[in-house]
Amino acid sequence: MVCSIGVIFLFGSLLPWSNGANDFFTSTGQMTDLLHTEKDLVTSLKDYIKAEESKLEQIKEWASKLDKLSAIAVKDPEGFLGHPVNAFKLMKRLNTEWAELESLVLKDMSDGFISNLTLQRQYFPTDEDQIGAAKALLRLQDTYNLDTKTFSSGDLPGVTHKATLTVDDCYELGKVAYSDADYYHTELWMAQALSLLDEGEESPVDKVTLLDYLSYAVYQQGDLDRALILTKRLLKLDPDHQRANGNLKYFEYMLAKQMKMEQADEGTKKEEEVGQTNQKKGPSLDYLPERKKYEQLCRGEGIKLTPRRQKRLFCRYYNNNGNPRYILGPVKQVDEWDKPRIVRYLDVISDEEIETVKELAKPRLRRATISNPITGVLETAHYRISKSAWLSAYEHPVVARINQRIEDLTGLEMDTAEELQVANYGLGGQYEPHFDFGRKDEPDAFKELGTGNRVATWLFYMSDVAAGGATVFPEVGASVWPKKGTAVFWYNLFPSGEGDYSTRHAACPVLVGNKWVSNKWIHERGQEFRRPCGLTEMV
């Protein structure tokens, strides 16, 4: 196919910075490239279909012509061949034209499409991406209290392109949860898949398979009665199911044992014996002590300031004590929270600047890392789902201008600050509660930089987010919601240099939309005269 060569060259330029381990699910910005790749693959597939249809059309025309000719010839073979032209054409057809037809039938029209597909496969998402995306959906479900029916029907807040989950999709989510021994989510999604099948949806996944997973997940959570009911339902569909027959006997034995124990009034013993193998129903416990408060804040269920504290919050035109650049054109500043003091600057970065920063960052986006507090090595973490890139002031005038703007508005030295970090959050993108500054048990956190601790954080919001994606402070109950073109600022350290533990914060999972931010971590060195040390430790 002539067109396939052009398609190959086009694909070769789509993802020039891609590599074998992309972690696509961690960045919505880079996932958009996959949409373009898929669109061009569809174009190539359509070209292949047209070529196959053209080939079949030629074969059909040949067959139709010979069908009519043969119908006439076999009625009077000798008379038909008595015509010398017919005799000659018969020899020609059988010796030459049928061989040509054979070549046409054997011609593989898929070469161009297969070449394109093979070329692009190196840029496709991996199993890690698919599993990561599935776990992101489970995380969103928990964080935003979404039931499986609402989720699978696509009824999410702020959506513009509604999408639903099929039986196979729900089954896949359940399997991912099952592989992590997360029986709570296994039950939810296997039950939803079964519900969709009961409603009449067609799927290659059958009810027997779903009931097999579902009964085991229910059993693992301690509900023997329901596990037995589900197993009996399975056996009605497949009486010879070996595992189900074994489970049936075991469940009946365990229930009989429990009944005897209850009759003997040995509740304590019952709890000990059954509890050893069965988990309490509900999401599994995890390492994050403030999980509940964190997720409440993400849902907008945070602490409301008292009227007295609310009165302390103001909005104002701000020029940072007469900074020459802002005397005639001060910026709008709004107090978001009182302790710690969090302020937001409105219209502080333009759409043009945002697009420039994003275009500079996109080719460099890599999975965001955290510093291992023990080894100091940068590594990826499941609690930070995003991709980031670093931009230096010398690379582009816009970056230099942004750095200068931060210095003008904060009054802090930027020469010792870290480079501008640009982050794009992917599917369910988040950064769980953390501190920006190094604690006392991490004395070497920023030793290599030689610029002291992170004294303050400046955070630009470079996109609006349809749902989710708030910056929350679990220690104090504050929630700051993304608004494109604004920036928030807070101090991580008291003037004394002691860390302000109330600044522990998190980036909530993005439920719907695309979240772009950029931040500047400002360090202690160079601030000695700009923010003098305080005489009191916690002030």
# chains A, B, ... in the order shown; residues from 1 in each chain; ligands from 1
>>> select_by_dssp(residues="range 135-205 of chain A", states="alpha helix (DSSP H)", output="ChimeraX atom specification")
/A:135-143,148-153,167-179,183-198
>>> residues_around(residues="Leu211 in chain A", least_positions_apart="6", cutoff="9 Å", atoms="only C-alpha atoms", output="ChimeraX atom specification")
/A:190-191,194,230-231,233-234
>>> closest_residue(among="A:Glu407, A:Asp111, A:Asp240, A:Glu201", to="Ile49 in chain A", atoms="only C-alpha atoms")
A:Asp111
>>> closest_residue(among="A:Gln296, A:Tyr345, A:Lys55, A:Tyr219", to="Arg316 in chain A", atoms="only C-alpha atoms")
A:Tyr345
>>> residues_around(residues="Glu301 in chain A", least_positions_apart="5", cutoff="12 Å", atoms="only C-alpha atoms", output="number ranges by chain")
A: 143-145, 292-296, 470, 472, 474, 477-479
>>> select_by_dssp(residues="range 303-536 of chain A", states="strand (DSSP E)", output="PyMOL selection string")
chain A and resi 315-318+331-337+342-346+366-367+370-371+378-379+384-391+420-434+454-461+467-468+471-473+478-480+487-491+505-507+510-512+515-523
>>> residues_around(residues="Pro532 in chain A", least_positions_apart="6", cutoff="10 Å", atoms="only C-alpha atoms", output="PyMOL selection string")
chain A and resi 495-497
